[in-house]
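*Asks:* Next up, work.pdb (PDB, C-alpha atoms).
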MODEL        1
ATOM      1  CA  MET A  17       0.000   0.000   0.000
ATOM      2  CA  ALA A  18       1.369   3.390  -0.915
ATOM      3  CA  LYS A  19       1.664   5.880   1.912
ATOM      4  CA  MET A  20      -1.333   8.168   1.831
ATOM      5  CA  THR A  21      -0.664  11.886   2.111
ATOM      6  CA  LEU A  22      -2.926  14.312   3.945
ATOM      7  CA  GLU A  23      -3.867  15.811   0.598
ATOM      8  CA  GLU A  24      -4.967  12.411  -0.696
ATOM      9  CA  LEU A  25      -6.915  11.851   2.479
ATOM     10  CA  ARG A  26      -8.680  15.172   1.952
ATOM     11  CA  LYS A  27      -9.572  14.244  -1.635
ATOM     12  CA  LEU A  28     -10.884  10.845  -0.570
ATOM     13  CA  ARG A  29     -12.917  12.507   2.110
ATOM     14  CA  ASP A  30     -14.411  15.000  -0.333
ATOM     15  CA  SER A  31     -15.327  12.359  -2.897
ATOM     16  CA  ARG A  32     -16.890  10.140  -0.264
ATOM     17  CA  LYS A  33     -18.708  13.034   1.315
ATOM     18  CA  SER A  34     -20.666  13.800  -1.824
ATOM     19  CA  GLU A  35     -21.491  10.117  -2.088
ATOM     20  CA  ILE A  36     -22.714  10.078   1.507
ATOM     21  CA  ASP A  37     -24.739  13.252   1.072
ATOM     22  CA  ARG A  38     -26.649  11.541  -1.720
ATOM     23  CA  ARG A  39     -27.676   8.522   0.277
ATOM     24  CA  ASP A  40     -27.764   9.969   3.762
ATOM     25  CA  ILE A  41     -31.347  10.866   4.551
ATOM     26  CA  ASN A  42     -31.693  10.436   8.286
ATOM     27  CA  SER A  43     -28.176  11.526   9.447
ATOM     28  CA  LYS A  44     -26.675  10.104  12.618
ATOM     29  CA  ASP A  45     -29.505   8.908  14.772
ATOM     30  CA  SER A  46     -27.868   5.787  16.200
ATOM     31  CA  GLN A  47     -24.789   5.252  18.295
ATOM     32  CA  ILE A  48     -22.412   2.443  19.142
ATOM     33  CA  ILE A  49     -20.210   3.043  22.187
ATOM     34  CA  VAL A  50     -17.268   0.710  22.695
ATOM     35  CA  GLY A  51     -15.951   0.331  26.253
ATOM     36  CA  MET A  52     -12.188   0.921  26.186
ATOM     37  CA  GLY A  53     -11.147   0.691  29.810
ATOM     38  CA  THR A  54      -8.303  -1.545  30.959
ATOM     39  CA  CYS A  55     -10.747  -4.446  31.074
ATOM     40  CA  GLY A  56     -12.144  -3.819  27.599
ATOM     41  CA  ILE A  57      -8.725  -3.419  26.003
ATOM     42  CA  ALA A  58      -7.499  -6.611  27.667
ATOM     43  CA  ALA A  59     -10.516  -8.532  26.421
ATOM     44  CA  GLY A  60     -10.139  -7.413  22.802
ATOM     45  CA  ALA A  61     -12.224  -4.236  22.464
ATOM     46  CA  LYS A  62      -9.949  -2.949  19.702
ATOM     47  CA  THR A  63     -10.819  -5.882  17.468
ATOM     48  CA  VAL A  64     -14.474  -5.129  18.131
ATOM     49  CA  LEU A  65     -13.999  -1.443  17.229
ATOM     50  CA  ASP A  66     -12.204  -2.512  14.056
ATOM     51  CA  THR A  67     -15.016  -4.894  13.128
ATOM     52  CA  PHE A  68     -17.662  -2.178  13.565
ATOM     53  CA  ILE A  69     -15.691   0.227  11.328
ATOM     54  CA  GLU A  70     -15.296  -2.474   8.690
ATOM     55  CA  GLU A  71     -18.860  -3.739   8.837
ATOM     56  CA  LEU A  72     -20.572  -0.341   8.809
ATOM     57  CA  ASN A  73     -18.476   0.602   5.787
ATOM     58  CA  ASP A  74     -19.218  -2.704   4.060
ATOM     59  CA  LYS A  75     -22.947  -2.339   4.547
ATOM     60  CA  GLN A  76     -22.831   1.377   3.669
ATOM     61  CA  ILE A  77     -24.513   2.316   6.943
ATOM     62  CA  THR A  78     -23.994   6.022   7.565
ATOM     63  CA  ASN A  79     -26.478   6.847  10.308
ATOM     64  CA  VAL A  80     -24.435   5.249  13.097
ATOM     65  CA  ALA A  81     -21.862   7.134  15.162
ATOM     66  CA  VAL A  82     -19.118   5.025  16.715
ATOM     67  CA  THR A  83     -17.504   6.329  19.890
ATOM     68  CA  GLN A  84     -15.410   5.055  22.780
ATOM     69  CA  SER A  85     -15.931   5.251  26.487
ATOM     70  CA  GLY A  86     -14.037   4.042  29.521
ATOM     71  CA  CYS A  87     -15.108   1.033  31.526
ATOM     72  CA  MET A  88     -18.886   0.592  31.741
ATOM     73  CA  GLY A  89     -18.654  -1.328  34.979
ATOM     74  CA  LEU A  90     -19.239  -4.779  33.533
ATOM     75  CA  CYS A  91     -15.636  -5.949  33.529
ATOM     76  CA  TYR A  92     -16.619  -9.600  33.860
ATOM     77  CA  VAL A  93     -18.259  -9.696  30.433
ATOM     78  CA  GLU A  94     -15.875  -7.496  28.454
ATOM     79  CA  PRO A  95     -15.673  -6.420  25.720
ATOM     80  CA  THR A  96     -18.867  -4.475  26.308
ATOM     81  CA  ILE A  97     -20.611  -2.059  23.983
ATOM     82  CA  GLU A  98     -23.720   0.053  24.204
ATOM     83  CA  VAL A  99     -26.047   0.442  21.256
ATOM     84  CA  ILE A 100     -28.532   3.289  21.064
ATOM     85  CA  VAL A 101     -31.081   3.110  18.257
ATOM     86  CA  PRO A 102     -34.179   5.338  18.125
ATOM     87  CA  GLY A 103     -37.350   3.435  18.997
ATOM     88  CA  MET A 104     -35.411   0.745  20.860
ATOM     89  CA  PRO A 105     -34.212   0.685  24.453
ATOM     90  CA  PRO A 106     -30.490   1.417  24.940
ATOM     91  CA  VAL A 107     -28.804  -1.952  25.210
ATOM     92  CA  ILE A 108     -25.470  -3.020  26.697
ATOM     93  CA  TYR A 109     -24.008  -6.055  25.032
ATOM     94  CA  GLY A 110     -21.287  -8.096  26.694
ATOM     95  CA  LYS A 111     -18.844 -10.771  25.572
ATOM     96  CA  VAL A 112     -18.708  -9.091  22.185
ATOM     97  CA  ASP A 113     -16.148 -10.439  19.736
ATOM     98  CA  ALA A 114     -15.848  -9.852  15.996
ATOM     99  CA  GLU A 115     -18.627 -12.325  15.210
ATOM    100  CA  VAL A 116     -21.026 -10.835  17.742
ATOM    101  CA  ALA A 117     -20.158  -7.334  16.483
ATOM    102  CA  LYS A 118     -21.224  -8.394  12.989
ATOM    103  CA  ARG A 119     -24.457  -9.824  14.381
ATOM    104  CA  ILE A 120     -25.132  -6.560  16.199
ATOM    105  CA  VAL A 121     -24.778  -4.632  12.935
ATOM    106  CA  HIS A 122     -26.959  -7.082  10.998
ATOM    107  CA  GLU A 123     -29.615  -7.762  13.613
ATOM    108  CA  HIS A 124     -29.787  -4.759  15.935
ATOM    109  CA  ILE A 125     -28.848  -1.932  13.564
ATOM    110  CA  MET A 126     -30.246  -3.246  10.294
ATOM    111  CA  GLN A 127     -33.183  -5.423  11.355
ATOM    112  CA  LYS A 128     -34.012  -3.692  14.676
ATOM    113  CA  LYS A 129     -33.888  -7.006  16.511
ATOM    114  CA  MET A 130     -31.882  -7.347  19.694
ATOM    115  CA  VAL A 131     -29.113  -9.907  19.957
ATOM    116  CA  SER A 132     -30.669 -11.362  23.092
ATOM    117  CA  ASP A 133     -28.001 -13.884  24.063
ATOM    118  CA  HIS A 134     -25.471 -11.077  24.614
ATOM    119  CA  ILE A 135     -27.557  -8.529  26.499
ATOM    120  CA  PHE A 136     -26.295  -7.537  29.931
ATOM    121  CA  ASP A 137     -27.812  -5.171  32.425
ATOM    122  CA  ARG A 138     -26.731  -1.591  33.014
ATOM    123  CA  PRO A 139     -23.898  -1.039  35.531
ATOM    124  CA  SER A 140     -24.682  -1.538  39.174
ATOM    125  CA  ILE A 141     -26.157   1.429  40.997
ATOM    126  CA  ASP A 142     -23.017   2.384  42.935
ATOM    127  CA  ILE A 143     -21.227   3.108  39.680
ATOM    128  CA  ILE A 144     -24.050   5.178  38.230
ATOM    129  CA  LYS A 145     -24.245   7.230  41.451
ATOM    130  CA  ASP A 146     -20.576   8.130  41.070
ATOM    131  CA  GLY A 147     -21.154   9.796  37.764
ATOM    132  CA  GLY A 148     -21.636   6.749  35.587
ATOM    133  CA  LYS A 149     -18.030   6.744  34.516
TER     134      LYS A 149
ATOM    135  CA  MET B  30      -2.603  -8.772  31.789
ATOM    136  CA  HIS B  31      -2.698  -7.328  28.294
ATOM    137  CA  LEU B  32      -2.035  -9.288  25.166
ATOM    138  CA  SER B  33       0.057  -6.744  23.293
ATOM    139  CA  LEU B  34       2.322  -3.737  23.858
ATOM    140  CA  CYS B  35      -0.211  -1.568  22.057
ATOM    141  CA  ASP B  36      -2.799  -2.493  24.671
ATOM    142  CA  PHE B  37      -0.519  -1.083  27.378
ATOM    143  CA  LEU B  38      -0.164   2.077  25.321
ATOM    144  CA  SER B  39      -3.945   2.413  25.030
ATOM    145  CA  ASP B  40      -4.269   1.986  28.746
ATOM    146  CA  VAL B  41      -1.730   4.713  29.575
ATOM    147  CA  VAL B  42      -3.313   7.110  27.068
ATOM    148  CA  GLN B  43      -6.726   6.448  28.576
ATOM    149  CA  ASN B  44      -5.286   7.476  31.955
ATOM    150  CA  GLY B  45      -4.262  10.786  30.392
ATOM    151  CA  ILE B  46      -7.727  11.331  28.934
ATOM    152  CA  GLU B  47      -9.283  10.603  32.306
ATOM    153  CA  ALA B  48      -6.854  13.053  33.939
ATOM    154  CA  GLY B  49      -8.491  15.770  31.836
ATOM    155  CA  ALA B  50      -5.553  16.334  29.490
ATOM    156  CA  GLY B  51      -5.956  18.896  26.720
ATOM    157  CA  LEU B  52      -2.780  17.688  25.039
ATOM    158  CA  ILE B  53      -1.424  14.168  24.810
ATOM    159  CA  GLU B  54       1.887  13.539  23.107
ATOM    160  CA  VAL B  55       2.858  10.009  22.190
ATOM    161  CA  VAL B  56       6.151   8.799  20.777
ATOM    162  CA  ILE B  57       6.590   5.244  19.507
ATOM    163  CA  GLU B  58      10.217   4.645  18.615
ATOM    164  CA  GLN B  59      11.335   1.309  17.283
ATOM    165  CA  THR B  60      14.668  -0.148  16.248
ATOM    166  CA  THR B  61      15.403  -3.617  14.927
ATOM    167  CA  GLU B  62      15.736  -4.781  18.537
ATOM    168  CA  THR B  63      13.809  -2.441  20.808
ATOM    169  CA  ILE B  64      10.614  -0.453  21.091
ATOM    170  CA  GLU B  65      10.102   2.544  23.367
ATOM    171  CA  PHE B  66       6.822   4.252  24.160
ATOM    172  CA  SER B  67       6.430   7.695  25.699
ATOM    173  CA  VAL B  68       3.125   9.275  26.712
ATOM    174  CA  SER B  69       3.055  12.847  28.042
ATOM    175  CA  ASP B  70      -0.124  14.566  29.079
ATOM    176  CA  ASN B  71      -0.980  17.938  30.589
ATOM    177  CA  GLY B  72      -3.757  16.543  32.763
ATOM    178  CA  LYS B  73      -4.171  17.030  36.470
ATOM    179  CA  GLY B  74      -0.967  15.184  37.413
ATOM    180  CA  MET B  75      -0.206  13.537  40.728
ATOM    181  CA  SER B  76       1.518  14.413  43.973
ATOM    182  CA  ASP B  77       4.682  12.496  44.915
ATOM    183  CA  LYS B  78       2.701  10.573  47.477
ATOM    184  CA  LEU B  79       0.065   9.505  44.980
ATOM    185  CA  LEU B  80       2.717   8.665  42.411
ATOM    186  CA  GLN B  81       4.146   6.094  44.813
ATOM    187  CA  ARG B  82       0.770   4.518  45.295
ATOM    188  CA  VAL B  83      -0.456   4.171  41.706
ATOM    189  CA  LEU B  84       2.030   1.386  41.066
ATOM    190  CA  ASP B  85       0.480  -0.628  43.881
ATOM    191  CA  PRO B  86      -2.168  -2.995  42.457
ATOM    192  CA  PHE B  87      -4.161  -2.591  45.666
ATOM    193  CA  TYR B  88      -4.560   1.137  45.168
ATOM    194  CA  THR B  89      -7.365   2.783  43.205
ATOM    195  CA  ASP B  90      -8.859   6.262  43.457
ATOM    196  CA  GLY B  91     -12.280   4.615  43.653
ATOM    197  CA  VAL B  92     -13.850   7.037  41.183
ATOM    198  CA  LYS B  93     -14.840   4.520  38.540
ATOM    199  CA  HIS B  94     -15.641   1.585  40.788
ATOM    200  CA  ALA B  95     -16.728   2.587  44.245
ATOM    201  CA  ASN B  96     -16.377  -0.810  45.860
ATOM    202  CA  ARG B  97     -13.329  -2.052  44.076
ATOM    203  CA  LYS B  98     -10.074  -2.492  45.939
ATOM    204  CA  VAL B  99      -7.684  -2.852  43.025
ATOM    205  CA  GLY B 100      -6.276  -0.661  40.242
ATOM    206  CA  LEU B 101      -4.408  -2.786  37.752
ATOM    207  CA  GLY B 102      -3.544  -0.620  34.739
ATOM    208  CA  LEU B 103      -0.043   0.561  35.637
ATOM    209  CA  PRO B 104       0.824  -2.470  37.822
ATOM    210  CA  PHE B 105       0.175  -4.745  34.834
ATOM    211  CA  LEU B 106       2.537  -2.647  32.743
ATOM    212  CA  VAL B 107       5.240  -2.703  35.397
ATOM    213  CA  GLN B 108       4.832  -6.447  35.714
ATOM    214  CA  ALA B 109       5.202  -6.933  31.957
ATOM    215  CA  THR B 110       8.320  -4.768  31.764
ATOM    216  CA  GLU B 111       9.875  -6.598  34.723
ATOM    217  CA  ALA B 112       9.081  -9.999  33.226
ATOM    218  CA  ALA B 113      10.713  -9.061  29.932
ATOM    219  CA  GLU B 114      13.607  -7.032  31.409
ATOM    220  CA  GLY B 115      12.230  -3.871  29.844
ATOM    221  CA  SER B 116      12.111  -0.372  31.283
ATOM    222  CA  PHE B 117       9.418   1.701  32.938
ATOM    223  CA  SER B 118       9.357   5.202  34.365
ATOM    224  CA  ILE B 119       6.695   7.624  35.459
ATOM    225  CA  GLU B 120       7.044  11.285  36.352
ATOM    226  CA  SER B 121       4.297  13.614  37.390
ATOM    227  CA  GLN B 122       3.748  17.135  38.650
ATOM    228  CA  GLU B 123       0.496  17.901  40.344
ATOM    229  CA  GLY B 124      -1.493  20.335  38.222
ATOM    230  CA  GLU B 125       0.922  20.060  35.305
ATOM    231  CA  GLY B 126       0.774  16.569  33.890
ATOM    232  CA  THR B 127       2.311  13.150  33.746
ATOM    233  CA  GLN B 128       4.878  11.412  31.590
ATOM    234  CA  VAL B 129       5.030   7.639  31.318
ATOM    235  CA  LYS B 130       7.783   5.859  29.412
ATOM    236  CA  PHE B 131       8.197   2.162  28.850
ATOM    237  CA  GLY B 132      10.383   0.064  26.626
ATOM    238  CA  PHE B 133      10.905  -3.519  25.629
ATOM    239  CA  ASN B 134      13.590  -5.635  24.043
ATOM    240  CA  LEU B 135      11.721  -7.185  21.123
ATOM    241  CA  ASN B 136      13.962 -10.237  21.139
ATOM    242  CA  HIS B 137      13.280 -11.095  24.769
ATOM    243  CA  ILE B 138      11.303 -14.309  24.992
ATOM    244  CA  ASP B 139       8.783 -12.758  27.402
ATOM    245  CA  CYS B 140       8.228  -9.602  25.347
ATOM    246  CA  PRO B 141       4.550  -9.445  24.329
ATOM    247  CA  PRO B 142       3.759  -8.948  20.625
ATOM    248  CA  ILE B 143       3.653  -5.289  19.512
ATOM    249  CA  GLY B 144       0.015  -5.381  18.398
ATOM    250  CA  ASP B 145      -1.809  -3.255  15.843
ATOM    251  CA  ILE B 146      -0.188   0.184  15.937
ATOM    252  CA  ALA B 147      -2.465   1.798  13.332
ATOM    253  CA  LEU B 148      -5.612   0.727  15.166
ATOM    254  CA  THR B 149      -4.144   1.797  18.497
ATOM    255  CA  ILE B 150      -3.380   5.270  17.155
ATOM    256  CA  LEU B 151      -6.911   5.440  15.748
ATOM    257  CA  SER B 152      -8.323   4.530  19.117
ATOM    258  CA  LEU B 153      -6.378   7.223  20.966
ATOM    259  CA  LEU B 154      -7.511   9.874  18.482
ATOM    260  CA  ILE B 155     -11.238   9.245  18.749
ATOM    261  CA  TYR B 156     -12.132   9.793  22.388
ATOM    262  CA  GLU B 157     -14.928  12.267  22.757
ATOM    263  CA  GLY B 158     -14.098  15.767  23.834
ATOM    264  CA  ASP B 159     -11.798  18.517  22.808
ATOM    265  CA  TYR B 160      -8.180  17.521  23.167
ATOM    266  CA  GLU B 161      -5.106  17.519  20.984
ATOM    267  CA  ALA B 162      -3.160  14.326  20.439
ATOM    268  CA  VAL B 163       0.142  14.213  18.605
ATOM    269  CA  VAL B 164       1.633  10.844  17.768
ATOM    270  CA  ARG B 165       5.163  10.529  16.468
ATOM    271  CA  ARG B 166       6.104   7.133  15.117
ATOM    272  CA  ILE B 167       9.784   6.515  14.423
ATOM    273  CA  LEU B 168      11.422   3.457  12.910
ATOM    274  CA  HIS B 169      15.195   3.117  12.883
ATOM    275  CA  HIS B 170      16.276   0.588  10.312
ATOM    276  CA  LYS B 171      19.572  -0.496   8.843
ATOM    277  CA  GLY B 172      19.465   2.093   6.081
ATOM    278  CA  GLY B 173      18.369   5.063   8.214
ATOM    279  CA  VAL B 174      15.232   6.409   9.858
ATOM    280  CA  GLU B 175      11.618   6.575   8.717
ATOM    281  CA  GLU B 176       8.938   8.384  10.650
ATOM    282  CA  TYR B 177       5.529   9.947  10.486
ATOM    283  CA  THR B 178       3.536  12.216  12.768
ATOM    284  CA  VAL B 179      -0.206  12.467  13.101
ATOM    285  CA  GLU B 180      -2.051  15.321  14.777
ATOM    286  CA  ARG B 181      -5.620  14.917  15.893
ATOM    287  CA  SER B 182      -6.607  18.519  15.048
ATOM    288  CA  GLN B 183      -5.194  18.248  11.539
ATOM    289  CA  LEU B 184      -7.037  15.009  10.795
ATOM    290  CA  GLU B 185     -10.227  16.338  12.326
ATOM    291  CA  GLU B 186      -9.989  19.434  10.142
ATOM    292  CA  ILE B 187      -9.770  17.214   7.050
ATOM    293  CA  LEU B 188     -12.236  14.517   7.997
ATOM    294  CA  GLY B 189     -14.716  16.249  10.263
ATOM    295  CA  ASP B 190     -16.483  14.348  13.002
ATOM    296  CA  PHE B 191     -14.545  11.200  13.908
ATOM    297  CA  ALA B 192     -17.670   9.503  15.220
ATOM    298  CA  SER B 193     -19.000   9.068  11.702
ATOM    299  CA  GLY B 194     -18.421   5.513  10.505
ATOM    300  CA  ASP B 195     -17.283   6.728   7.108
ATOM    301  CA  ASN B 196     -14.665   9.032   8.572
ATOM    302  CA  LEU B 197     -13.448   6.313  10.891
ATOM    303  CA  TYR B 198     -12.974   4.072   7.905
ATOM    304  CA  LEU B 199     -10.915   6.703   6.084
ATOM    305  CA  LEU B 200      -8.921   7.454   9.224
ATOM    306  CA  ARG B 201      -8.150   3.769   9.601
ATOM    307  CA  GLU B 202      -7.053   3.492   5.971
ATOM    308  CA  TYR B 203      -4.838   6.548   6.374
ATOM    309  CA  LEU B 204      -3.147   5.240   9.504
ATOM    310  CA  ARG B 205      -2.735   1.776   8.035
ATOM    311  CA  SER B 206      -1.043   3.221   4.974
ATOM    312  CA  GLN B 207       1.411   5.087   7.217
ATOM    313  CA  GLU B 208       2.262   1.865   9.050
ATOM    314  CA  ALA B 209       2.405  -0.145   5.836
ATOM    315  CA  ALA B 210       4.980   2.300   4.483
ATOM    316  CA  LEU B 211       7.157   1.513   7.509
ATOM    317  CA  ASP B 212       6.704  -2.226   7.058
ATOM    318  CA  ASP B 213       8.755  -1.980   3.887
ATOM    319  CA  TYR B 214      11.748  -0.985   5.974
ATOM    320  CA  LYS B 215      11.429  -3.649   8.603
ATOM    321  CA  GLU B 216      13.924  -6.449   8.576
ATOM    322  CA  GLY B 217      13.242  -9.353   6.272
ATOM    323  CA  SER B 218      10.664  -7.572   4.157
ATOM    324  CA  GLY B 219      13.011  -7.296   1.178
ATOM    325  CA  ASN B 220      12.487  -4.445  -1.221
ATOM    326  CA  PRO B 221      12.282  -1.083   0.589
ATOM    327  CA  ASN B 222      10.102   0.356  -2.169
TER     328      ASN B 222
ENDMDL
END
Re-express the file's structure as structure tokens.
*Replies:*
Amino acid sequence: MAKMTLEELRKLRDSRKSEIDRRDINSKDSQIIVGMGTCGIAAGAKTVLDTFIEELNDKQITNVAVTQSGCMGLCYVEPTIEVIVPGMPPVIYGKVDAEVAKRIVHEHIMQKKMVSDHIFDRPSIDIIKDGGK
Amino acid sequence: MHLSLCDFLSDVVQNGIEAGAGLIEVVIEQTTETIEFSVSDNGKGMSDKLLQRVLDPFYTDGVKHANRKVGLGLPFLVQATEAAEGSFSIESQEGEGTQVKFGFNLNHIDCPPIGDIALTILSLLIYEGDYEAVVRRILHHKGGVEEYTVERSQLEEILGDFASGDNLYLLREYLRSQEAALDDYKEGSGNPN
């Protein structure tokens, strides 16, 4: 792969932007938050982040924002992610690997069906009281 | 314990973000035999007393997990450097910031794999909030030195909002191409073009 310059990156961005503007009707209404605390990183959260980037691009899904957070308080089922889709309850998924990440894109994001075997509850109350960090 | 050296880097950078840093400077310097990481932030820093305690696995500030009695980020890193005869140092000034440095001998049998540097840089650029991150990646090879620098503000100016999946994809491609260009100079890869 040839080394991309900033100028090339800008051009790519501009060409893709016009493409996105054409097909993007409902802007960013959904969100995927990947937990990147010590626990998440150790359990493979980066692979999960990578899979979401790849899969959303593959499926040309542009209404989903992908962000990172620290630990969500569910260290025992890392990697954890939260998915927020309008019209559906916010869901925290645990034990997410690349395969589960793909299922979340296909089922939760595209078909609006929850991936029920990976749903975990919100963090325990003591964590939320302390600012939910 | 983390799988790769990049995971330790992510962990240290995350500490800087959580310390409220407005500027995080990262240097990743590699030779044919060694790799050194340096992370400097201008976050809230630590007092000398606290600095002593953060390396103790049974110390945590209790902010994230009220009932937890352990804080394992830095202790894991220290453990890994000790196991592989690497180096570790931490300096901090309260109110001014913290600098963490760690290094490994890549040929040591207990040295963890480096991990995915492009993805790790991507990850440290895309935390929410307004902060500047500058990453300098240097590779010393037999024929000289290759390096690249990425600045969060510059990439954000070009790409716009990092949270957008499309921009993340482009950012990943950009960072991967920077790393791939270095791969050509790594030992055993043959043609440096």
*Asks:* I'd like the contact shell of Glu111 in chain B - 12 Å cut-off, only C-alpha atoms, skipping same-chain residues fewer than 2 positions apart - returned as a PyMOL selection string.
*Replies:* chain B and resi 104-109+113-118+131-134+137+139-140
*Asks:* With C-alpha atoms retained, could you export that selection as a JSON list (two decimals), in the frame of the given file?
*Replies:*
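again-v5.json, freshly written:
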[["chain", "number", "residue", "atom", "x", "y", "z"],
["B", 104, "PRO", "CA", 0.82, -2.47, 37.82],
["B", 105, "PHE", "CA", 0.18, -4.74, 34.83],
["B", 106, "LEU", "CA", 2.54, -2.65, 32.74],
["B", 107, "VAL", "CA", 5.24, -2.70, 35.40],
["B", 108, "GLN", "CA", 4.83, -6.45, 35.71],
["B", 109, "ALA", "CA", 5.20, -6.93, 31.96],
["B", 113, "ALA", "CA", 10.71, -9.06, 29.93],
["B", 114, "GLU", "CA", 13.61, -7.03, 31.41],
["B", 115, "GLY", "CA", 12.23, -3.87, 29.84],
["B", 116, "SER", "CA", 12.11, -0.37, 31.28],
["B", 117, "PHE", "CA", 9.42, 1.70, 32.94],
["B", 118, "SER", "CA", 9.36, 5.20, 34.36],
["B", 131, "PHE", "CA", 8.20, 2.16, 28.85],
["B", 132, "GLY", "CA", 10.38, 0.06, 26.63],
["B", 133, "PHE", "CA", 10.90, -3.52, 25.63],
["B", 134, "ASN", "CA", 13.59, -5.64, 24.04],
["B", 137, "HIS", "CA", 13.28, -11.10, 24.77],
["B", 139, "ASP", "CA", 8.78, -12.76, 27.40],
["B", 140, "CYS", "CA", 8.23, -9.60, 25.35]]
*Asks:* Leaving out Ile97 in chain A and any residue of its chain fewer than 5 positions from it, which residues lie within 10 Å of it when counting all atoms listed in the file, given as a list in words?
*Replies:*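 Those residues are Ile48, Ile49, Val50, Gly51, Met52, Gly56, Ala61, Val64, Leu65, Thr83, Gln84, Ser85, Cys87, Met88, Val107, Ile108, Tyr109, Gly110, Lys111, Val112, Ala117, Ile135 and Phe136 of chain A.
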*Asks:* Selection from above, C-alpha atoms, as a short mmCIF file (atom, residue, chain, number, x, y, z; two decimals), in the frame of the given file, can you write it?
*Replies:*
data_model
loop_
_atom_site.label_atom_id
_atom_site.label_comp_id
_atom_site.auth_asym_id
_atom_site.auth_seq_id
_atom_site.Cartn_x
_atom_site.Cartn_y
_atom_site.Cartn_z
CA ILE A 48 -22.41 2.44 19.14
CA ILE A 49 -20.21 3.04 22.19
CA VAL A 50 -17.27 0.71 22.70
CA GLY A 51 -15.95 0.33 26.25
CA MET A 52 -12.19 0.92 26.19
CA GLY A 56 -12.14 -3.82 27.60
CA ALA A 61 -12.22 -4.24 22.46
CA VAL A 64 -14.47 -5.13 18.13
CA LEU A 65 -14.00 -1.44 17.23
CA THR A 83 -17.50 6.33 19.89
CA GLN A 84 -15.41 5.06 22.78
CA SER A 85 -15.93 5.25 26.49
CA CYS A 87 -15.11 1.03 31.53
CA MET A 88 -18.89 0.59 31.74
CA VAL A 107 -28.80 -1.95 25.21
CA ILE A 108 -25.47 -3.02 26.70
CA TYR A 109 -24.01 -6.06 25.03
CA GLY A 110 -21.29 -8.10 26.69
CA LYS A 111 -18.84 -10.77 25.57
CA VAL A 112 -18.71 -9.09 22.18
CA ALA A 117 -20.16 -7.33 16.48
CA ILE A 135 -27.56 -8.53 26.50
CA PHE A 136 -26.30 -7.54 29.93
#
*Asks:* On this structure, which residues satisfy the PyMOL selection byres ((chain A) within 9 of (chain B)), written as an mmCIF file with C-alpha atoms, in the coordinates of the input?
*Replies:*
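The resulting file, out-v4.cif, is shown below:
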data_model
loop_
_atom_site.group_PDB
_atom_site.id
_atom_site.type_symbol
_atom_site.label_atom_id
_atom_site.label_comp_id
_atom_site.auth_asym_id
_atom_site.auth_seq_id
_atom_site.Cartn_x
_atom_site.Cartn_y
_atom_site.Cartn_z
ATOM 1 C CA MET A 17 0.000 0.000 0.000
ATOM 2 C CA ALA A 18 1.369 3.390 -0.915
ATOM 3 C CA LYS A 19 1.664 5.880 1.912
ATOM 4 C CA MET A 20 -1.333 8.168 1.831
ATOM 5 C CA THR A 21 -0.664 11.886 2.111
ATOM 6 C CA LEU A 22 -2.926 14.312 3.945
ATOM 7 C CA GLU A 23 -3.867 15.811 0.598
ATOM 8 C CA LEU A 25 -6.915 11.851 2.479
ATOM 9 C CA ARG A 26 -8.680 15.172 1.952
ATOM 10 C CA LEU A 28 -10.884 10.845 -0.570
ATOM 11 C CA ARG A 29 -12.917 12.507 2.110
ATOM 12 C CA ASP A 30 -14.411 15.000 -0.333
ATOM 13 C CA ARG A 32 -16.890 10.140 -0.264
ATOM 14 C CA LYS A 33 -18.708 13.034 1.315
ATOM 15 C CA ILE A 36 -22.714 10.078 1.507
ATOM 16 C CA LYS A 44 -26.675 10.104 12.618
ATOM 17 C CA GLN A 47 -24.789 5.252 18.295
ATOM 18 C CA MET A 52 -12.188 0.921 26.186
ATOM 19 C CA GLY A 53 -11.147 0.691 29.810
ATOM 20 C CA THR A 54 -8.303 -1.545 30.959
ATOM 21 C CA CYS A 55 -10.747 -4.446 31.074
ATOM 22 C CA ILE A 57 -8.725 -3.419 26.003
ATOM 23 C CA ALA A 58 -7.499 -6.611 27.667
ATOM 24 C CA ALA A 59 -10.516 -8.532 26.421
ATOM 25 C CA GLY A 60 -10.139 -7.413 22.802
ATOM 26 C CA LYS A 62 -9.949 -2.949 19.702
ATOM 27 C CA THR A 63 -10.819 -5.882 17.468
ATOM 28 C CA LEU A 65 -13.999 -1.443 17.229
ATOM 29 C CA ASP A 66 -12.204 -2.512 14.056
ATOM 30 C CA PHE A 68 -17.662 -2.178 13.565
ATOM 31 C CA ILE A 69 -15.691 0.227 11.328
ATOM 32 C CA GLU A 70 -15.296 -2.474 8.690
ATOM 33 C CA LEU A 72 -20.572 -0.341 8.809
ATOM 34 C CA ASN A 73 -18.476 0.602 5.787
ATOM 35 C CA GLN A 76 -22.831 1.377 3.669
ATOM 36 C CA ILE A 77 -24.513 2.316 6.943
ATOM 37 C CA THR A 78 -23.994 6.022 7.565
ATOM 38 C CA ASN A 79 -26.478 6.847 10.308
ATOM 39 C CA VAL A 80 -24.435 5.249 13.097
ATOM 40 C CA ALA A 81 -21.862 7.134 15.162
ATOM 41 C CA VAL A 82 -19.118 5.025 16.715
ATOM 42 C CA THR A 83 -17.504 6.329 19.890
ATOM 43 C CA GLN A 84 -15.410 5.055 22.780
ATOM 44 C CA SER A 85 -15.931 5.251 26.487
ATOM 45 C CA GLY A 86 -14.037 4.042 29.521
ATOM 46 C CA CYS A 87 -15.108 1.033 31.526
ATOM 47 C CA MET A 88 -18.886 0.592 31.741
ATOM 48 C CA GLY A 89 -18.654 -1.328 34.979
ATOM 49 C CA ASP A 142 -23.017 2.384 42.935
ATOM 50 C CA ILE A 143 -21.227 3.108 39.680
ATOM 51 C CA ASP A 146 -20.576 8.130 41.070
ATOM 52 C CA GLY A 147 -21.154 9.796 37.764
ATOM 53 C CA GLY A 148 -21.636 6.749 35.587
ATOM 54 C CA LYS A 149 -18.030 6.744 34.516
#
